[in-house]
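Trainee: Next up, query.tsv (TSV, C-alpha atoms and all ligand atoms).
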chain	number	residue	atom	x	y	z
O	1	MET	CA	41.85	-53.85	42.56
O	2	LYS	CA	45.38	-53.25	43.83
O	3	ARG	CA	46.51	-49.65	44.14
O	4	ILE	CA	50.16	-48.59	44.30
O	5	ALA	CA	51.95	-45.23	44.38
O	6	VAL	CA	55.28	-44.03	43.01
O	7	LEU	CA	57.50	-41.09	43.98
O	8	THR	CA	60.91	-39.68	43.13
O	9	SER	CA	63.08	-38.32	45.93
O	10	GLY	CA	66.43	-36.65	46.57
O	11	GLY	CA	68.64	-35.36	43.75
O	12	ASP	CA	67.03	-35.94	40.38
O	13	ALA	CA	68.82	-38.25	37.95
O	14	PRO	CA	68.46	-38.63	34.17
O	15	GLY	CA	66.26	-41.69	33.67
O	16	MET	CA	63.90	-41.11	36.59
O	17	ASN	CA	61.09	-40.40	34.14
O	18	ALA	CA	61.74	-43.65	32.32
O	19	ALA	CA	61.47	-45.44	35.68
O	20	ILE	CA	58.17	-43.67	36.52
O	21	ARG	CA	56.82	-44.64	33.11
O	22	ALA	CA	57.81	-48.28	33.62
O	23	VAL	CA	56.19	-48.43	37.08
O	24	VAL	CA	52.97	-46.88	35.78
O	25	ARG	CA	52.68	-48.95	32.62
O	26	THR	CA	53.73	-52.30	34.06
O	27	GLY	CA	51.45	-51.66	37.06
O	28	ILE	CA	48.48	-50.92	34.80
O	29	TYR	CA	49.42	-53.95	32.67
O	30	LYS	CA	49.09	-56.05	35.81
O	31	GLY	CA	45.57	-54.69	36.28
O	32	TRP	CA	46.43	-52.22	39.10
O	33	GLU	CA	45.82	-48.53	39.64
O	34	VAL	CA	48.95	-46.40	39.93
O	35	TYR	CA	49.16	-43.07	41.77
O	36	GLY	CA	51.93	-40.48	41.46
O	37	VAL	CA	53.17	-38.51	44.47
O	38	GLN	CA	54.41	-34.98	43.69
O	39	HIS	CA	57.62	-33.57	45.26
O	40	GLY	CA	58.88	-36.70	46.97
O	41	TYR	CA	58.23	-37.30	50.66
O	42	GLN	CA	56.99	-33.71	51.05
O	43	GLY	CA	54.04	-34.46	48.76
O	44	LEU	CA	53.44	-37.73	50.55
O	45	ILE	CA	53.04	-35.94	53.87
O	46	SER	CA	50.81	-33.20	52.43
O	47	GLY	CA	48.76	-35.61	50.30
O	48	ASP	CA	49.83	-34.30	46.88
O	49	ILE	CA	48.88	-37.58	45.24
O	50	ARG	CA	47.04	-38.18	41.94
O	51	PRO	CA	46.16	-41.11	39.71
O	52	LEU	CA	48.45	-41.66	36.73
O	53	GLY	CA	47.31	-43.24	33.47
O	54	ASN	CA	49.25	-44.52	30.50
O	55	ARG	CA	48.91	-41.17	28.66
O	56	ASP	CA	50.21	-39.23	31.68
O	57	VAL	CA	53.58	-40.89	31.22
O	58	GLY	CA	53.66	-40.59	27.41
O	59	GLY	CA	56.58	-38.69	25.86
O	60	ILE	CA	58.67	-38.65	29.03
O	61	ILE	CA	61.14	-41.49	28.45
O	62	GLN	CA	63.51	-39.08	26.69
O	63	GLN	CA	63.22	-36.30	29.29
O	64	GLY	CA	65.71	-35.62	32.07
O	65	GLY	CA	64.51	-34.63	35.53
O	66	THR	CA	61.29	-36.02	36.97
O	67	ILE	CA	57.69	-35.16	36.04
O	68	LEU	CA	56.74	-35.88	39.66
O	69	GLY	CA	59.22	-33.39	41.05
O	70	SER	CA	61.65	-34.17	43.82
O	71	ALA	CA	62.61	-32.71	47.17
O	72	ARG	CA	64.80	-33.20	50.19
O	73	CYS	CA	62.33	-33.39	53.08
O	74	PRO	CA	63.43	-32.86	56.72
O	75	ASP	CA	59.84	-33.49	57.99
O	76	PHE	CA	60.08	-37.07	56.80
O	77	GLU	CA	62.95	-37.68	59.20
O	78	THR	CA	60.48	-37.41	62.11
O	79	LEU	CA	58.24	-40.27	63.20
O	80	GLU	CA	55.27	-37.89	63.06
O	81	GLY	CA	56.04	-36.97	59.44
O	82	ARG	CA	56.33	-40.61	58.41
O	83	GLN	CA	53.07	-41.50	60.18
O	84	LYS	CA	51.30	-38.70	58.28
O	85	ALA	CA	52.71	-40.12	55.04
O	86	ILE	CA	51.38	-43.60	55.84
O	87	ASP	CA	47.98	-42.17	56.75
O	88	GLN	CA	47.79	-40.35	53.39
O	89	LEU	CA	48.52	-43.58	51.54
O	90	LYS	CA	46.06	-45.66	53.58
O	91	GLN	CA	43.27	-43.08	53.20
O	92	ARG	CA	43.50	-43.61	49.43
O	93	GLY	CA	43.54	-47.40	49.66
O	94	ILE	CA	47.14	-47.54	48.42
O	95	SER	CA	48.84	-50.73	49.55
O	96	ALA	CA	52.44	-50.36	48.32
O	97	LEU	CA	54.86	-47.54	47.45
O	98	VAL	CA	57.72	-47.41	44.95
O	99	VAL	CA	60.52	-45.00	45.90
O	100	ILE	CA	62.85	-43.99	43.06
O	101	GLY	CA	65.96	-42.37	44.55
O	102	GLY	CA	69.40	-42.65	46.11
O	103	ASN	CA	70.88	-43.28	49.53
O	104	GLY	CA	68.94	-40.79	51.66
O	105	SER	CA	65.66	-41.58	49.94
O	106	GLN	CA	66.08	-45.32	50.39
O	107	THR	CA	66.93	-44.82	54.07
O	108	GLY	CA	63.58	-43.01	54.42
O	109	ALA	CA	61.86	-45.82	52.52
O	110	TYR	CA	63.38	-48.39	54.87
O	111	GLU	CA	61.95	-46.47	57.85
O	112	LEU	CA	58.50	-46.46	56.26
O	113	ASN	CA	58.76	-50.17	55.60
O	114	ARG	CA	59.82	-50.79	59.21
O	115	MET	CA	56.66	-48.96	60.31
O	116	GLY	CA	54.67	-51.62	58.47
O	117	PHE	CA	54.00	-49.96	55.10
O	118	PRO	CA	55.22	-52.05	52.12
O	119	VAL	CA	57.87	-50.20	50.08
O	120	VAL	CA	60.05	-51.18	47.13
O	121	GLY	CA	63.04	-48.99	46.14
O	122	VAL	CA	64.45	-48.30	42.70
O	123	ALA	CA	68.19	-47.47	42.68
O	124	SER	CA	68.57	-43.99	41.20
O	125	THR	CA	71.40	-41.51	41.79
O	126	ILE	CA	74.17	-40.08	39.66
O	127	ASP	CA	76.60	-40.76	42.55
O	128	ASN	CA	76.56	-44.57	42.12
O	129	ASP	CA	77.04	-44.94	45.87
O	130	LEU	CA	74.04	-47.17	46.57
O	131	PHE	CA	74.73	-50.66	47.88
O	132	GLY	CA	72.59	-53.27	46.10
O	133	SER	CA	73.13	-52.12	42.53
O	134	ASP	CA	76.34	-52.18	40.49
O	135	ILE	CA	75.11	-49.15	38.60
O	136	THR	CA	72.28	-46.74	39.38
O	137	ILE	CA	69.93	-44.72	37.17
O	138	GLY	CA	71.54	-41.51	35.89
O	139	VAL	CA	75.20	-42.46	36.29
O	140	ASP	CA	75.88	-43.20	32.65
O	141	THR	CA	74.30	-39.97	31.40
O	142	ALA	CA	76.02	-37.85	34.06
O	143	LEU	CA	79.31	-39.49	33.14
O	144	ASN	CA	78.85	-38.66	29.48
O	145	ILE	CA	78.01	-35.04	30.30
O	146	ALA	CA	81.17	-34.77	32.43
O	147	LEU	CA	83.16	-36.37	29.65
O	148	GLU	CA	81.97	-33.93	27.04
O	149	ALA	CA	83.09	-31.06	29.28
O	150	ILE	CA	86.46	-32.72	29.93
O	151	ASP	CA	87.04	-33.23	26.20
O	152	ARG	CA	86.28	-29.57	25.54
O	153	LEU	CA	88.46	-28.33	28.38
O	154	LYS	CA	91.37	-30.40	27.07
O	155	VAL	CA	91.18	-28.56	23.77
O	156	THR	CA	91.47	-25.10	25.30
O	157	ALA	CA	93.98	-26.32	27.92
O	158	SER	CA	96.26	-27.55	25.11
O	159	SER	CA	96.03	-24.25	23.23
O	160	HIS	CA	97.30	-22.38	26.28
O	161	HIS	CA	99.56	-25.03	27.87
O	162	ARG	CA	97.36	-24.75	30.92
O	163	ALA	CA	96.49	-27.00	33.80
O	164	PHE	CA	92.79	-27.47	34.49
O	165	LEU	CA	90.97	-28.67	37.57
O	166	VAL	CA	87.55	-30.12	36.72
O	167	GLU	CA	85.29	-30.84	39.66
O	168	VAL	CA	82.58	-33.45	39.27
O	169	MET	CA	79.75	-34.39	41.65
O	170	GLY	CA	79.38	-37.62	43.58
O	171	ARG	CA	79.03	-36.57	47.21
O	172	LYS	CA	81.45	-38.75	49.23
O	173	CYS	CA	81.90	-41.24	46.40
O	174	GLY	CA	84.67	-40.99	43.78
O	175	TYR	CA	82.95	-43.08	41.11
O	176	LEU	CA	82.07	-40.23	38.73
O	177	ALA	CA	85.54	-38.68	39.08
O	178	LEU	CA	87.33	-41.99	38.59
O	179	MET	CA	85.36	-43.06	35.55
O	180	SER	CA	85.25	-39.66	33.84
O	181	GLY	CA	88.97	-39.29	34.57
O	182	ILE	CA	89.77	-42.62	32.93
O	183	ALA	CA	87.47	-42.03	29.96
O	184	GLY	CA	88.72	-38.46	29.55
O	185	GLY	CA	92.41	-39.40	29.77
O	186	ALA	CA	93.05	-37.19	32.82
O	187	GLU	CA	96.61	-36.56	34.00
O	188	ALA	CA	95.47	-37.03	37.62
O	189	ILE	CA	92.30	-38.08	39.47
O	190	VAL	CA	91.44	-36.97	42.99
O	191	ILE	CA	88.83	-38.99	44.90
O	192	PRO	CA	87.57	-38.97	48.50
O	193	GLU	CA	88.54	-42.61	49.03
O	194	ILE	CA	92.29	-41.86	48.75
O	195	GLU	CA	93.70	-38.77	50.42
O	196	ILE	CA	96.33	-36.96	48.39
O	197	HIS	CA	98.20	-33.75	49.26
O	198	PRO	CA	98.12	-30.79	46.79
O	199	GLU	CA	101.93	-30.94	46.60
O	200	ASP	CA	101.70	-34.48	45.17
O	201	ILE	CA	99.17	-33.36	42.59
O	202	ALA	CA	101.42	-30.43	41.68
O	203	SER	CA	104.25	-32.95	41.09
O	204	GLU	CA	101.99	-34.95	38.77
O	205	ILE	CA	101.14	-31.80	36.80
O	206	ARG	CA	104.82	-30.87	36.51
O	207	ARG	CA	105.73	-34.39	35.39
O	208	ALA	CA	103.02	-34.22	32.71
O	209	TYR	CA	104.62	-31.06	31.29
O	210	GLU	CA	108.09	-32.62	31.52
O	211	ARG	CA	106.84	-35.54	29.46
O	212	GLY	CA	105.99	-33.04	26.75
O	213	LYS	CA	102.27	-32.67	27.29
O	214	ALA	CA	100.57	-29.46	26.21
O	215	HIS	CA	98.09	-29.59	29.08
O	216	ALA	CA	97.42	-31.20	32.44
O	217	LEU	CA	93.86	-32.10	33.32
O	218	ILE	CA	92.96	-33.11	36.85
O	219	VAL	CA	89.53	-34.52	37.60
O	220	VAL	CA	88.52	-33.85	41.20
O	221	ALA	CA	85.59	-35.36	43.10
O	222	GLU	CA	83.58	-32.77	45.03
O	223	GLY	CA	83.83	-34.91	48.18
O	224	ALA	CA	87.64	-35.11	48.21
O	225	LYS	CA	89.40	-33.53	51.20
O	226	TYR	CA	91.10	-31.12	48.79
O	227	ASN	CA	88.30	-30.25	46.35
O	228	ALA	CA	88.91	-28.14	43.23
O	229	GLN	CA	88.64	-24.84	45.11
O	230	ALA	CA	91.10	-25.92	47.81
O	231	LEU	CA	93.55	-27.17	45.19
O	232	ALA	CA	93.23	-24.02	43.11
O	233	ASP	CA	93.86	-21.85	46.18
O	234	TYR	CA	96.95	-23.88	47.04
O	235	PHE	CA	98.33	-23.75	43.50
O	236	LYS	CA	97.73	-20.01	43.28
O	237	GLN	CA	99.47	-19.42	46.57
O	238	HIS	CA	102.54	-21.35	45.38
O	239	GLN	CA	102.30	-20.45	41.68
O	240	GLU	CA	105.80	-19.01	41.37
O	241	ARG	CA	107.48	-22.05	42.86
O	242	LEU	CA	105.23	-24.58	41.09
O	243	GLY	CA	105.61	-22.90	37.71
O	244	PHE	CA	102.20	-23.54	36.17
O	245	ASP	CA	98.98	-21.66	35.73
O	246	VAL	CA	95.71	-23.36	36.63
O	247	ARG	CA	92.03	-22.79	35.76
O	248	THR	CA	89.08	-24.37	37.53
O	249	THR	CA	85.73	-25.59	36.20
O	250	THR	CA	83.07	-26.93	38.55
O	251	LEU	CA	80.50	-28.87	36.56
O	252	GLY	CA	77.91	-28.96	39.36
O	253	HIS	CA	74.26	-29.57	38.51
O	254	VAL	CA	74.94	-29.50	34.76
O	255	GLN	CA	75.73	-33.20	35.22
O	256	ARG	CA	72.24	-33.95	36.50
O	257	GLY	CA	70.13	-32.09	33.98
O	258	GLY	CA	70.76	-34.00	30.75
O	259	ALA	CA	68.38	-36.09	28.68
O	260	PRO	CA	68.95	-39.75	29.57
O	261	GLY	CA	71.02	-41.80	27.15
O	262	ALA	CA	70.04	-45.25	25.90
O	263	TYR	CA	71.74	-47.03	28.80
O	264	ASP	CA	69.85	-45.09	31.46
O	265	ARG	CA	66.51	-45.38	29.68
O	266	ILE	CA	66.85	-49.15	29.48
O	267	LEU	CA	68.21	-49.54	33.02
O	268	ALA	CA	65.40	-47.36	34.42
O	269	THR	CA	62.77	-49.26	32.45
O	270	ARG	CA	64.06	-52.61	33.71
O	271	LEU	CA	64.33	-51.44	37.32
O	272	GLY	CA	60.87	-49.80	37.27
O	273	ALA	CA	59.37	-53.01	35.90
O	274	GLY	CA	61.37	-54.96	38.50
O	275	ALA	CA	59.66	-52.91	41.22
O	276	THR	CA	56.12	-53.85	40.15
O	277	ASP	CA	57.24	-57.48	39.71
O	278	ALA	CA	58.52	-57.45	43.30
O	279	ILE	CA	55.21	-55.99	44.56
O	280	ALA	CA	53.31	-58.67	42.60
O	281	ARG	CA	55.39	-61.33	44.41
O	282	GLU	CA	54.68	-59.48	47.68
O	283	GLU	CA	58.40	-59.04	48.09
O	284	THR	CA	58.63	-55.63	49.72
O	285	GLY	CA	61.20	-53.94	51.95
O	286	VAL	CA	63.74	-54.39	49.16
O	287	LEU	CA	65.79	-52.31	46.75
O	288	VAL	CA	65.57	-53.23	43.07
O	289	GLY	CA	68.97	-52.89	41.42
O	290	MET	CA	71.18	-54.50	38.82
O	291	ILE	CA	73.93	-56.85	39.89
O	292	ARG	CA	76.15	-58.53	37.28
O	293	GLY	CA	73.63	-57.63	34.57
O	294	GLN	CA	70.64	-59.18	36.36
O	295	ILE	CA	67.69	-57.34	37.91
O	296	THR	CA	67.88	-58.20	41.59
O	297	THR	CA	66.27	-57.38	44.91
O	298	THR	CA	68.30	-56.73	48.05
O	299	PRO	CA	66.61	-56.38	51.48
O	300	TYR	CA	66.72	-52.83	52.80
O	301	SER	CA	68.36	-54.14	55.98
O	302	ASP	CA	71.38	-55.10	53.82
O	303	VAL	CA	71.34	-51.86	51.79
O	304	VAL	CA	70.94	-49.08	54.32
O	305	GLY	CA	74.08	-48.05	56.16
O	306	GLN	CA	76.33	-50.11	53.87
O	307	GLN	CA	79.27	-48.53	52.09
O	308	LYS	CA	79.44	-49.53	48.44
O	309	PRO	CA	83.09	-50.23	47.68
O	310	LEU	CA	84.83	-48.41	44.84
O	311	ASP	CA	87.08	-50.57	42.68
O	312	LEU	CA	90.41	-48.90	43.46
O	313	SER	CA	92.29	-51.09	40.99
O	314	LEU	CA	90.85	-48.68	38.41
O	315	LEU	CA	92.81	-45.86	40.02
O	316	ASP	CA	95.97	-47.94	39.52
O	317	LEU	CA	94.92	-48.48	35.91
O	318	SER	CA	94.50	-44.74	35.39
O	319	LYS	CA	97.97	-44.12	36.87
O	320	SER	CA	99.53	-46.60	34.46
O	321	LEU	CA	97.95	-44.66	31.60
O	322	GLU	CA	99.10	-41.22	32.71
O	323	GLN	CA	102.20	-41.31	30.57
O	401	LIG	O1	73.21	-37.02	45.20
O	401	LIG	C1	73.23	-36.40	43.96
O	401	LIG	C2	73.93	-35.07	44.04
O	401	LIG	O2	73.91	-34.47	42.76
O	401	LIG	C3	75.37	-35.10	44.59
O	401	LIG	O3	76.30	-35.52	43.63
O	401	LIG	C4	75.54	-33.69	45.04
O	401	LIG	O4	76.51	-33.60	46.07
O	401	LIG	C5	74.18	-33.35	45.58
O	401	LIG	O5	73.26	-34.21	44.94
O	401	LIG	C6	73.77	-31.92	45.38
O	401	LIG	O6	72.57	-31.73	46.06
O	401	LIG	P1	71.56	-30.55	45.77
O	401	LIG	O7	70.93	-30.79	44.43
O	401	LIG	O8	70.57	-30.64	46.88
O	401	LIG	O9	72.36	-29.29	45.77
Starting from the file, lay out its structure as structure tokens.

Mentor:
Amino acid sequence: MKRIAVLTSGGDAPGMNAAIRAVVRTGIYKGWEVYGVQHGYQGLISGDIRPLGNRDVGGIIQQGGTILGSARCPDFETLEGRQKAIDQLKQRGISALVVIGGNGSQTGAYELNRMGFPVVGVASTIDNDLFGSDITIGVDTALNIALEAIDRLKVTASSHHRAFLVEVMGRKCGYLALMSGIAGGAEAIVIPEIEIHPEDIASEIRRAYERGKAHALIVVAEGAKYNAQALADYFKQHQERLGFDVRTTTLGHVQRGGAPGAYDRILATRLGAGATDAIAREETGVLVGMIRGQITTTPYSDVVGQQKPLDLSLLDLSKSLEQ
């Protein structure tokens, strides 16, 4: 009987549990045994691995986070660490591994695969910066959480005629900022992909007030050269000249902790099932993602090290709406 294992790694994302459930249940449906690895690559190295049955993954599809736990694991970056991980899997007769995670996790998975152990990745990160999937698990839920905060901040901003800086996550990728800015009707959006000076943002805020707006809301990506803190410091320093008062909200990990919405549950279920289908076809060394609505596999050699482009025409669209 075939035996596979599944782990979650890197930053957790809403929908990871739905993906675990899909891997376990579709694996068992295929007649295999499925093992769960606790705490990502750390648990793989230390052998924190246990069998998972259908009931072990019951009642988790609606839960955020990951029942397997996750970790960022420096030991796995060494050849020795990766060899230990492979030994742990082989000792248990496990012949393939599913890695649910984002960029860093899939880079580790690629290394494992290059060392001869069959791995299939499932695209999961709120950053949406993973090449090989138009959208990744957790993005939609994180976006909706950010949006709820933006909507609320707009209300209080309007009451006080204030400007607000709202910082969203995304590492070096501006996807979350761009999309939450568009959906939240932001007066300006700051992303890492396009450098913009604080003075230009100040002009946009002033223009918003001149157009009669009661507030100015600027969505800032954490990875931008001038993040929310840097912008706030600049505005404070020049407050008298600029003529507006600014408040800052950093959403941080709040964006990651939510219960997955319908979109993420379905995406995660399809991608998790896609991973066991790929293993059944003996197609390993690939990332399972969704491209143009279809579940696809992309070889790790094409995924790792690639920069996923952000559609900057959407930034132009947002500018045309800031009226
Ligand atoms: O990659 C997901 C992410 O949430 C990023 O958006 C963020 O920069 C990072 O993880 C935070 O990492 P940690 O949870 O280790 O603080």

Trainee: Would you mind telling me which residue in O:Thr248, O:Gln83, O:Ser70, O:Gln323 lies nearest to Glu204 (chain O) when using all atoms listed in the file?

Mentor: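 Counting all atoms listed in the file, the residue closest to Glu204 (chain O) is O:Gln323.
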
Trainee: Expressed in Å to a single decimal, how great is the separation between CA of Glu167 (chain O) and CA of Leu130 (chain O)?

Mentor: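 CA of Glu167 (chain O) sits 21.0 Å away from CA of Leu130 (chain O).
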
Trainee: Calculated over all atoms listed in the file, which of the candidates O:Ile94, O:Val190, O:Ala5, O:Leu267 has the smallest distance to Gly293 (chain O)?

Mentor: O:Leu267

Trainee: Compile the contact shell of region 118-124 of chain O as a VMD selection string: residues with an atom at most 8 Å away, counting all atoms listed in the file, same-chain residues fewer than 6 positions apart removed.

Mentor: chain O and resid 13 16 95 to 102 106 109 to 110 112 130 133 136 to 138 271 to 272 275 278 to 279 284 to 289

Trainee: Please produce an output containing C-alpha atoms for each residue in the selection, written as a tab-separated table (two decimals), in the frame of the given file.

Mentor:
chain	number	residue	atom	x	y	z
O	13	ALA	CA	68.82	-38.25	37.95
O	16	MET	CA	63.90	-41.11	36.59
O	95	SER	CA	48.84	-50.73	49.55
O	96	ALA	CA	52.44	-50.36	48.32
O	97	LEU	CA	54.86	-47.54	47.45
O	98	VAL	CA	57.72	-47.41	44.95
O	99	VAL	CA	60.52	-45.00	45.90
O	100	ILE	CA	62.85	-43.99	43.06
O	101	GLY	CA	65.96	-42.37	44.55
O	102	GLY	CA	69.40	-42.65	46.11
O	106	GLN	CA	66.08	-45.32	50.39
O	109	ALA	CA	61.86	-45.82	52.52
O	110	TYR	CA	63.38	-48.39	54.87
O	112	LEU	CA	58.50	-46.46	56.26
O	130	LEU	CA	74.04	-47.17	46.57
O	133	SER	CA	73.13	-52.12	42.53
O	136	THR	CA	72.28	-46.74	39.38
O	137	ILE	CA	69.93	-44.72	37.17
O	138	GLY	CA	71.54	-41.51	35.89
O	271	LEU	CA	64.33	-51.44	37.32
O	272	GLY	CA	60.87	-49.80	37.27
O	275	ALA	CA	59.66	-52.91	41.22
O	278	ALA	CA	58.52	-57.45	43.30
O	279	ILE	CA	55.21	-55.99	44.56
O	284	THR	CA	58.63	-55.63	49.72
O	285	GLY	CA	61.20	-53.94	51.95
O	286	VAL	CA	63.74	-54.39	49.16
O	287	LEU	CA	65.79	-52.31	46.75
O	288	VAL	CA	65.57	-53.23	43.07
O	289	GLY	CA	68.97	-52.89	41.42

Trainee: Excluding same-chain residues fewer than 5 positions from Thr276 (chain O), what lies within 8 Å of it counting only C-alpha atoms, as a ChimeraX atom specification?

Mentor: /O:23,26-27

Trainee: Using all atoms listed in the file, can you tell me which of O:Val24, O:Val139, O:Met169, O:Ile49 comes closest to ligand LIG 401 (chain O)?

Mentor: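 Of O:Val24, O:Val139, O:Met169, O:Ile49, the one nearest ligand LIG 401 (chain O) is O:Met169, counting all atoms listed in the file.
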
Trainee: Just the residues within 12 Å of Leu321 (chain O), please, counting all atoms listed in the file, with nothing from its chain fewer than 4 positions along; format it as a list in words.

Mentor: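 Answer for this query is Gly181, Ile182, Ala183, Gly184, Gly185, Ala186, Glu187, Ala188, Ile189, Ala208, Leu314, Leu315, Asp316 and Leu317 of chain O.
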
Trainee: Please, which residues have at least one atom within 8 Å of an atom of ligand LIG 401 (chain O), using all atoms listed in the file, listed as a PyMOL selection string?

Mentor: chain O and resi 10-13+72+102-103+125-127+168-172+222-223+252-253+255-256

Trainee: Do you know which residues are at most 10 Å from Ile28 (chain O) counting all atoms listed in the file, after dropping those on the same chain fewer than 2 positions away, and could you put them as a VMD selection string?

Mentor: chain O and resid 2 to 4 22 to 26 30 to 34 52 to 54 276

Trainee: Rounded to one decimal in Å, what is the spacing between CA of Leu242 (chain O) and CA of Ala202 (chain O)?

Mentor: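 About the pair CA of Leu242 (chain O) and CA of Ala202 (chain O): they are 7.0 Å apart.
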
Trainee: Taking all atoms listed in the file into account, which of O:Ile86, O:Arg207, O:Thr8, O:Gln62 comes nearest Ile45 (chain O)?

Mentor: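 Once distances to Ile45 (chain O) are computed over all atoms listed in the file, the minimum belongs to O:Ile86.
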
Trainee: Could you give me, as a PyMOL selection string, the residues that have an atom at most 12 Å away from the point (87.0, -35.8, 47.6) in the coordinates of the file, using all atoms listed in the file?

Mentor: chain O and resi 167-178+189-197+219-231

Trainee: Interatomic distance between CA of Leu312 (chain O) and CA of Lys154 (chain O)?

Mentor: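 For CA of Leu312 (chain O) relative to CA of Lys154 (chain O), the distance reads 24.7 Å.
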
Trainee: Go through O:Met179, O:Ala273, O:Ala232, O:Val6 and flag the residue nearest Pro198 (chain O), using all atoms listed in the file for the distances.

Mentor: O:Ala232

Trainee: Could you check which residues have any atom within 10 Å of (65.9, -50.4, 58.6), counting only C-alpha atoms with coordinates taken straight from the file, and then list them as a list in words?

Mentor: Gln106, Thr107, Gly108, Ala109, Tyr110, Glu111, Leu112, Asn113, Arg114, Met115, Gly285, Pro299, Tyr300, Ser301, Asp302, Val303, Val304 and Gly305 of chain O

Trainee: If we count all atoms listed in the file and set the cut-off at 7 Å, which residues sit around Phe131 (chain O), ignoring sequence neighbours fewer than 3 positions away in its own chain? Please answer as a list of chain:residue names.

Mentor: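 Residues meeting the cut-off are O:Val303, O:Gln306, O:Gln307, O:Lys308.
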
Trainee: So, counting only C-alpha atoms, which residue among O:Cys73, O:Ile201, O:Ala280, O:Ala149 is closest to Tyr41 (chain O)?

Mentor: O:Cys73
